[in-house]
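Enquirer: There's a structure below that I have some questions on.
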Amino acid sequence: MGTPDGNPDSAAEWDARYRATDRLWTSEVNPALPIEVSDLTSGTALEVGSGEGADARWLADHGWQVTALDISPVAIDRARDTDARPAITWLQADLVADDVPGRDFALVTAHYFPIAAVDVAVARKLIDAVGPGGTLLVVAHAPEGVRAHGFDPADYIQPGDIAEMLGEGWQVITHETRERGRPAGGGHHIHDVVLRARRM
Ligand SMILES: C[S@@+](CC[C@H](N)C(=O)[O-])C[C@H]1O[C@@H](n2cnc3c(N)ncnc32)[C@H](O)[C@@H]1O
């Protein structure tokens, strides 16, 4: 991925980040996921940038058939070792280079998934993977938290950019900045930017 300097940019770099610790992220579901998904009828879900798998596990717990995708083989192996139930397919893939595995998902969800500003095609892959009547949920850290970690939010595609890409045939259900509830990133990430949209 053409991510700006300082962010992992390849499977090897993400692997190194995962290998550096037994657990990189919390094992709790990201707060926006239950808020936005609990009123949906479960079906097939694509969980993008699944990391250590907490969100995929929550989805499977709630009746979803999940394809959980991450660039890092270390993260995928770790997630599979934690939960090998058939409701979750753990898949190593790089969404910059690879196609989305499958189509017409009832839910495509991505939390804190870094899409470099130059990689508009990656955002398009997420949008196109949603089937008729399906939901796209993209959650990002709010800009102040991103800056606190030394990154420029303008270097990344934001939920608002994705909202502008949707066009006709989509209904935006939620597009807002809200308190995350549990600060993340050493306390810097206090607010989420949440985009939830439904393909008509
Ligand atoms: C900030 S982490 C978020 C992990 C997880 N969603 C969470 O909230 O705990 C971003 C994840 O995206 C993955 N990732 C980064 N670039 C990717 C790409 N091009 N294709 C697939 N996964 C990627 C990383 O390996 C990492 O697990």
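To be explicit about the labels: the chains of the structure tokens are called A, B, and onward in the order shown, and within each one the residues are counted from 1, while ligands get numbers from 1 in the order they are shown.
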Using only C-alpha atoms and all ligand atoms, which residues of the polymer chains come no farther than 8 Å from ligand 1? I'd like the answer as a JSON list (two decimals) with N, CA and C atoms, in the first residue's frame.
Expert:
[["chain", "number", "residue", "atom", "x", "y", "z"],
["A", 1, "MET", "N", 0.85, -1.20, 0.00],
["A", 1, "MET", "CA", 0.00, 0.00, 0.00],
["A", 1, "MET", "C", 0.88, 1.24, 0.00],
["A", 8, "PRO", "N", 2.98, 1.25, 8.66],
["A", 8, "PRO", "CA", 3.34, 0.01, 7.95],
["A", 8, "PRO", "C", 2.74, 0.01, 6.55],
["A", 9, "ASP", "N", 3.51, -0.52, 5.62],
["A", 9, "ASP", "CA", 3.18, -0.34, 4.21],
["A", 9, "ASP", "C", 3.10, -1.65, 3.46],
["A", 10, "SER", "N", 3.33, -2.75, 4.15],
["A", 10, "SER", "CA", 3.40, -4.04, 3.47],
["A", 10, "SER", "C", 3.06, -5.12, 4.48],
["A", 11, "ALA", "N", 2.82, -6.32, 3.96],
["A", 11, "ALA", "CA", 2.55, -7.44, 4.86],
["A", 11, "ALA", "C", 3.71, -7.63, 5.83],
["A", 14, "TRP", "N", 3.56, -4.94, 8.56],
["A", 14, "TRP", "CA", 2.48, -5.21, 9.52],
["A", 14, "TRP", "C", 2.82, -6.44, 10.35],
["A", 15, "ASP", "N", 3.39, -7.46, 9.72],
["A", 15, "ASP", "CA", 3.79, -8.66, 10.48],
["A", 15, "ASP", "C", 4.75, -8.29, 11.60],
["A", 24, "LEU", "N", -1.76, -6.76, 19.92],
["A", 24, "LEU", "CA", -1.59, -5.37, 19.48],
["A", 24, "LEU", "C", -2.82, -4.53, 19.79],
["A", 25, "TRP", "N", -4.01, -5.12, 19.63],
["A", 25, "TRP", "CA", -5.26, -4.39, 19.82],
["A", 25, "TRP", "C", -6.07, -5.04, 20.93],
["A", 26, "THR", "N", -7.09, -4.34, 21.36],
["A", 26, "THR", "CA", -7.99, -4.90, 22.38],
["A", 26, "THR", "C", -8.74, -6.11, 21.82],
["A", 27, "SER", "N", -9.09, -7.01, 22.72],
["A", 27, "SER", "CA", -9.89, -8.16, 22.30],
["A", 27, "SER", "C", -11.39, -7.85, 22.35],
["A", 30, "ASN", "N", -14.98, -3.31, 18.59],
["A", 30, "ASN", "CA", -14.98, -1.84, 18.47],
["A", 30, "ASN", "C", -16.39, -1.31, 18.72],
["A", 47, "GLU", "N", -15.21, -8.41, 6.70],
["A", 47, "GLU", "CA", -14.57, -7.58, 7.74],
["A", 47, "GLU", "C", -13.15, -7.28, 7.26],
["A", 48, "VAL", "N", -12.91, -6.03, 6.93],
["A", 48, "VAL", "CA", -11.67, -5.62, 6.25],
["A", 48, "VAL", "C", -10.65, -5.08, 7.26],
["A", 49, "GLY", "N", -9.42, -5.57, 7.15],
["A", 49, "GLY", "CA", -8.39, -5.15, 8.12],
["A", 49, "GLY", "C", -8.74, -5.71, 9.49],
["A", 50, "SER", "N", -8.94, -7.03, 9.52],
["A", 50, "SER", "CA", -9.55, -7.66, 10.69],
["A", 50, "SER", "C", -8.61, -7.78, 11.88],
["A", 51, "GLY", "N", -7.32, -7.56, 11.67],
["A", 51, "GLY", "CA", -6.37, -7.57, 12.79],
["A", 51, "GLY", "C", -6.45, -8.86, 13.58],
["A", 52, "GLU", "N", -6.56, -8.74, 14.89],
["A", 52, "GLU", "CA", -6.59, -9.93, 15.74],
["A", 52, "GLU", "C", -7.99, -10.52, 15.88],
["A", 53, "GLY", "N", -8.97, -9.92, 15.21],
["A", 53, "GLY", "CA", -10.22, -10.62, 14.98],
["A", 53, "GLY", "C", -11.38, -10.32, 15.90],
["A", 54, "ALA", "N", -11.27, -9.32, 16.77],
["A", 54, "ALA", "CA", -12.35, -9.09, 17.74],
["A", 54, "ALA", "C", -13.68, -8.78, 17.06],
["A", 55, "ASP", "N", -13.64, -7.96, 16.01],
["A", 55, "ASP", "CA", -14.90, -7.59, 15.36],
["A", 55, "ASP", "C", -15.49, -8.78, 14.59],
["A", 69, "LEU", "N", -10.54, -10.42, 6.59],
["A", 69, "LEU", "CA", -9.42, -10.25, 5.67],
["A", 69, "LEU", "C", -8.38, -9.32, 6.28],
["A", 70, "ASP", "N", -7.11, -9.71, 6.18],
["A", 70, "ASP", "CA", -6.03, -8.82, 6.63],
["A", 70, "ASP", "C", -4.78, -9.10, 5.81],
["A", 71, "ILE", "N", -3.98, -8.05, 5.65],
["A", 71, "ILE", "CA", -2.73, -8.19, 4.88],
["A", 71, "ILE", "C", -1.68, -9.00, 5.64],
["A", 72, "SER", "N", -1.81, -9.04, 6.96],
["A", 72, "SER", "CA", -0.76, -9.63, 7.79],
["A", 72, "SER", "C", -1.02, -11.11, 8.06],
["A", 75, "ALA", "N", -1.23, -11.70, 11.83],
["A", 75, "ALA", "CA", -2.52, -11.35, 12.43],
["A", 75, "ALA", "C", -3.57, -12.41, 12.10],
["A", 92, "GLN", "N", -5.77, -14.13, 4.36],
["A", 92, "GLN", "CA", -4.70, -13.15, 4.14],
["A", 92, "GLN", "C", -4.85, -12.57, 2.75],
["A", 93, "ALA", "N", -4.98, -11.27, 2.65],
["A", 93, "ALA", "CA", -5.08, -10.61, 1.35],
["A", 93, "ALA", "C", -4.69, -9.14, 1.51],
["A", 94, "ASP", "N", -4.15, -8.60, 0.45],
["A", 94, "ASP", "CA", -3.77, -7.18, 0.41],
["A", 94, "ASP", "C", -4.78, -6.48, -0.50],
["A", 95, "LEU", "N", -5.63, -5.66, 0.07],
["A", 95, "LEU", "CA", -6.70, -5.07, -0.74],
["A", 95, "LEU", "C", -6.20, -4.05, -1.75],
["A", 96, "VAL", "N", -4.94, -3.66, -1.66],
["A", 96, "VAL", "CA", -4.39, -2.81, -2.73],
["A", 96, "VAL", "C", -4.15, -3.66, -3.98],
["A", 97, "ALA", "N", -3.60, -4.84, -3.78],
["A", 97, "ALA", "CA", -3.23, -5.69, -4.92],
["A", 97, "ALA", "C", -4.31, -6.70, -5.27],
["A", 110, "ALA", "N", -15.21, -1.91, 7.96],
["A", 110, "ALA", "CA", -13.78, -1.63, 8.10],
["A", 110, "ALA", "C", -13.60, -0.63, 9.24],
["A", 111, "HIS", "N", -12.83, -1.02, 10.23],
["A", 111, "HIS", "CA", -12.53, -0.13, 11.36],
["A", 111, "HIS", "C", -11.04, 0.23, 11.33],
["A", 112, "TYR", "N", -10.77, 1.52, 11.22],
["A", 112, "TYR", "CA", -9.40, 2.03, 11.32],
["A", 112, "TYR", "C", -8.50, 1.39, 10.26],
["A", 113, "PHE", "N", -9.10, 1.14, 9.11],
["A", 113, "PHE", "CA", -8.38, 0.51, 7.99],
["A", 113, "PHE", "C", -7.73, 1.63, 7.18],
["A", 114, "PRO", "N", -6.39, 1.67, 7.13],
["A", 114, "PRO", "CA", -5.73, 2.80, 6.49],
["A", 114, "PRO", "C", -5.77, 2.70, 4.97],
["A", 115, "ILE", "N", -6.41, 3.66, 4.33],
["A", 115, "ILE", "CA", -6.40, 3.72, 2.87],
["A", 115, "ILE", "C", -5.70, 5.01, 2.48]]
Enquirer: Using only C-alpha atoms, determine which residues lie at most 6 Å from segment 142-154 of chain A, disregarding the query and same-chain residues fewer than 6 positions distant; provide the list as a PDB file with N, CA and C atoms, in the first residue's frame.
Expert:
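Dumped everything to result.pdb:
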ATOM      1  N   HIS A 188      -5.287   8.654  22.842  1.00  0.00           N
ATOM      2  CA  HIS A 188      -5.385   9.717  21.837  1.00  0.00           C
ATOM      3  C   HIS A 188      -6.650   9.631  20.999  1.00  0.00           C
ATOM      4  N   HIS A 189      -7.140   8.422  20.812  1.00  0.00           N
ATOM      5  CA  HIS A 189      -8.295   8.253  19.931  1.00  0.00           C
ATOM      6  C   HIS A 189      -9.583   8.261  20.757  1.00  0.00           C
ATOM      7  N   HIS A 191     -12.497  10.098  19.651  1.00  0.00           N
ATOM      8  CA  HIS A 191     -13.672  10.198  18.792  1.00  0.00           C
ATOM      9  C   HIS A 191     -13.521   9.310  17.552  1.00  0.00           C
ATOM     10  N   ASP A 192     -14.652   8.734  17.140  1.00  0.00           N
ATOM     11  CA  ASP A 192     -14.750   7.998  15.879  1.00  0.00           C
ATOM     12  C   ASP A 192     -15.468   8.862  14.849  1.00  0.00           C
ATOM     13  N   VAL A 193     -15.089   8.701  13.601  1.00  0.00           N
ATOM     14  CA  VAL A 193     -15.907   9.190  12.493  1.00  0.00           C
ATOM     15  C   VAL A 193     -16.572   7.955  11.886  1.00  0.00           C
TER      16      VAL A 193
END
Enquirer: What does the structure give for the distance between atom CA of Asp161 of chain A and atom CA of Leu59 of chain A, in Å to one decimal?
Expert: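 Between these atoms lies a distance of 25.9 Å.
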Enquirer: Quick one: everything within 12 Å of segment 64-66 of chain A, counting only C-alpha atoms, minus sequence neighbours fewer than 4 positions away in the same chain. Send it as a VMD selection string.
Expert: chain A and resid 37 to 38 40 to 48 50 53 to 60 84 to 91 101 to 102 105 to 109
Enquirer: Restricting it to N, CA and C atoms, dump the selection as a tab-separated table (two decimals), in the first residue's frame.
Expert:
chain	number	residue	atom	x	y	z
A	37	VAL	N	-24.77	-2.24	13.82
A	37	VAL	CA	-25.09	-3.50	13.14
A	37	VAL	C	-26.20	-4.29	13.85
A	38	SER	N	-26.44	-3.97	15.10
A	38	SER	CA	-27.38	-4.79	15.88
A	38	SER	C	-28.78	-4.82	15.28
A	40	LEU	N	-29.48	-4.93	12.10
A	40	LEU	CA	-29.47	-5.55	10.77
A	40	LEU	C	-29.76	-7.04	10.88
A	41	THR	N	-30.33	-7.58	9.82
A	41	THR	CA	-30.51	-9.03	9.74
A	41	THR	C	-29.17	-9.63	9.33
A	42	SER	N	-28.73	-10.64	10.06
A	42	SER	CA	-27.41	-11.19	9.77
A	42	SER	C	-27.40	-11.91	8.43
A	43	GLY	N	-26.20	-11.93	7.83
A	43	GLY	CA	-26.00	-12.57	6.54
A	43	GLY	C	-24.51	-12.73	6.33
A	44	THR	N	-24.06	-12.45	5.12
A	44	THR	CA	-22.62	-12.54	4.86
A	44	THR	C	-21.97	-11.20	5.14
A	45	ALA	N	-20.82	-11.25	5.80
A	45	ALA	CA	-20.10	-10.02	6.13
A	45	ALA	C	-18.65	-10.13	5.68
A	46	LEU	N	-18.14	-9.02	5.17
A	46	LEU	CA	-16.71	-8.91	4.88
A	46	LEU	C	-16.13	-7.92	5.88
A	47	GLU	N	-15.21	-8.41	6.70
A	47	GLU	CA	-14.57	-7.58	7.74
A	47	GLU	C	-13.15	-7.28	7.26
A	48	VAL	N	-12.91	-6.03	6.93
A	48	VAL	CA	-11.67	-5.62	6.25
A	48	VAL	C	-10.65	-5.08	7.26
A	50	SER	N	-8.94	-7.03	9.52
A	50	SER	CA	-9.55	-7.66	10.69
A	50	SER	C	-8.61	-7.78	11.88
A	53	GLY	N	-8.97	-9.92	15.21
A	53	GLY	CA	-10.22	-10.62	14.98
A	53	GLY	C	-11.38	-10.32	15.90
A	54	ALA	N	-11.27	-9.32	16.77
A	54	ALA	CA	-12.35	-9.09	17.74
A	54	ALA	C	-13.68	-8.78	17.06
A	55	ASP	N	-13.64	-7.96	16.01
A	55	ASP	CA	-14.90	-7.59	15.36
A	55	ASP	C	-15.49	-8.78	14.59
A	56	ALA	N	-14.63	-9.57	13.96
A	56	ALA	CA	-15.13	-10.77	13.25
A	56	ALA	C	-15.77	-11.73	14.24
A	57	ARG	N	-15.16	-11.89	15.39
A	57	ARG	CA	-15.73	-12.80	16.39
A	57	ARG	C	-17.09	-12.29	16.86
A	58	TRP	N	-17.19	-10.98	17.06
A	58	TRP	CA	-18.48	-10.42	17.51
A	58	TRP	C	-19.54	-10.67	16.43
A	59	LEU	N	-19.18	-10.47	15.19
A	59	LEU	CA	-20.15	-10.69	14.11
A	59	LEU	C	-20.59	-12.16	14.08
A	60	ALA	N	-19.64	-13.07	14.19
A	60	ALA	CA	-20.00	-14.50	14.19
A	60	ALA	C	-20.87	-14.84	15.39
A	84	ALA	N	-11.44	-20.72	15.60
A	84	ALA	CA	-11.41	-21.45	14.32
A	84	ALA	C	-12.79	-21.93	13.92
A	85	ARG	N	-13.84	-21.29	14.44
A	85	ARG	CA	-15.18	-21.81	14.12
A	85	ARG	C	-15.49	-21.58	12.63
A	86	PRO	N	-16.33	-22.46	12.05
A	86	PRO	CA	-16.60	-22.38	10.62
A	86	PRO	C	-17.28	-21.09	10.17
A	87	ALA	N	-17.90	-20.37	11.09
A	87	ALA	CA	-18.60	-19.14	10.70
A	87	ALA	C	-17.64	-18.03	10.27
A	88	ILE	N	-16.35	-18.23	10.53
A	88	ILE	CA	-15.37	-17.20	10.14
A	88	ILE	C	-14.34	-17.80	9.20
A	89	THR	N	-14.20	-17.20	8.03
A	89	THR	CA	-13.11	-17.56	7.12
A	89	THR	C	-12.03	-16.49	7.28
A	90	TRP	N	-10.87	-16.90	7.76
A	90	TRP	CA	-9.75	-15.97	7.96
A	90	TRP	C	-8.91	-15.98	6.70
A	91	LEU	N	-8.68	-14.83	6.13
A	91	LEU	CA	-8.06	-14.77	4.81
A	91	LEU	C	-6.97	-13.70	4.77
A	101	PRO	N	-12.61	-10.82	-1.84
A	101	PRO	CA	-13.01	-12.23	-1.97
A	101	PRO	C	-14.53	-12.36	-1.88
A	102	GLY	N	-15.16	-12.52	-2.98
A	102	GLY	CA	-16.62	-12.64	-2.99
A	102	GLY	C	-17.29	-11.34	-3.40
A	105	PHE	N	-21.95	-8.84	-0.55
A	105	PHE	CA	-21.99	-9.02	0.90
A	105	PHE	C	-23.16	-8.22	1.48
A	106	ALA	N	-23.77	-8.77	2.52
A	106	ALA	CA	-24.83	-8.04	3.23
A	106	ALA	C	-24.24	-6.94	4.09
A	107	LEU	N	-22.97	-7.11	4.45
A	107	LEU	CA	-22.28	-6.10	5.27
A	107	LEU	C	-20.81	-6.08	4.89
A	108	VAL	N	-20.30	-4.90	4.63
A	108	VAL	CA	-18.85	-4.70	4.49
A	108	VAL	C	-18.46	-3.71	5.56
A	109	THR	N	-17.53	-4.11	6.41
A	109	THR	CA	-17.17	-3.26	7.53
A	109	THR	C	-15.66	-3.11	7.62
Enquirer: Env of Glu168 of chain A: 12 Å cut, atoms = only C-alpha atoms, seq-sep filter 5 positions within chain, self excluded. Answer as a VMD selection string.
Expert: chain A and resid 163 197 to 200
Enquirer: Atom CA of His175 of chain A to atom CA of Leu33 of chain A: how many Å, to one decimal?
Expert: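 Atom CA of Leu33 of chain A lies at a distance of 13.9 Å from atom CA of His175 of chain A.
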Enquirer: List as an NGL selection string the protein and nucleic acid residues near Ile162 of chain A, meaning an atom at most 12 Å away when only C-alpha atoms are counted, but skip any in the same chain fewer than 5 places from it.
Expert: :A and (110 or 115 or 117 or 119-128 or 136-140 or 156-157 or 167 or 170 or 172 or 175 or 193-197)
Enquirer: Work out how far apart atom CA of Thr21 of chain A and atom CA of Ile190 of chain A are and give it in Å to one decimal.
Expert: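 Atom-to-atom, atom CA of Thr21 of chain A to atom CA of Ile190 of chain A, that is 23.2 Å.
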Enquirer: If you run DSSP on this backbone, which residues of chain A come out as alpha helix (DSSP H), and could you give them as a ChimeraX atom specification?
Expert: /A:11-19,32-37,54-61,73-82,120-128,143-148,159-166
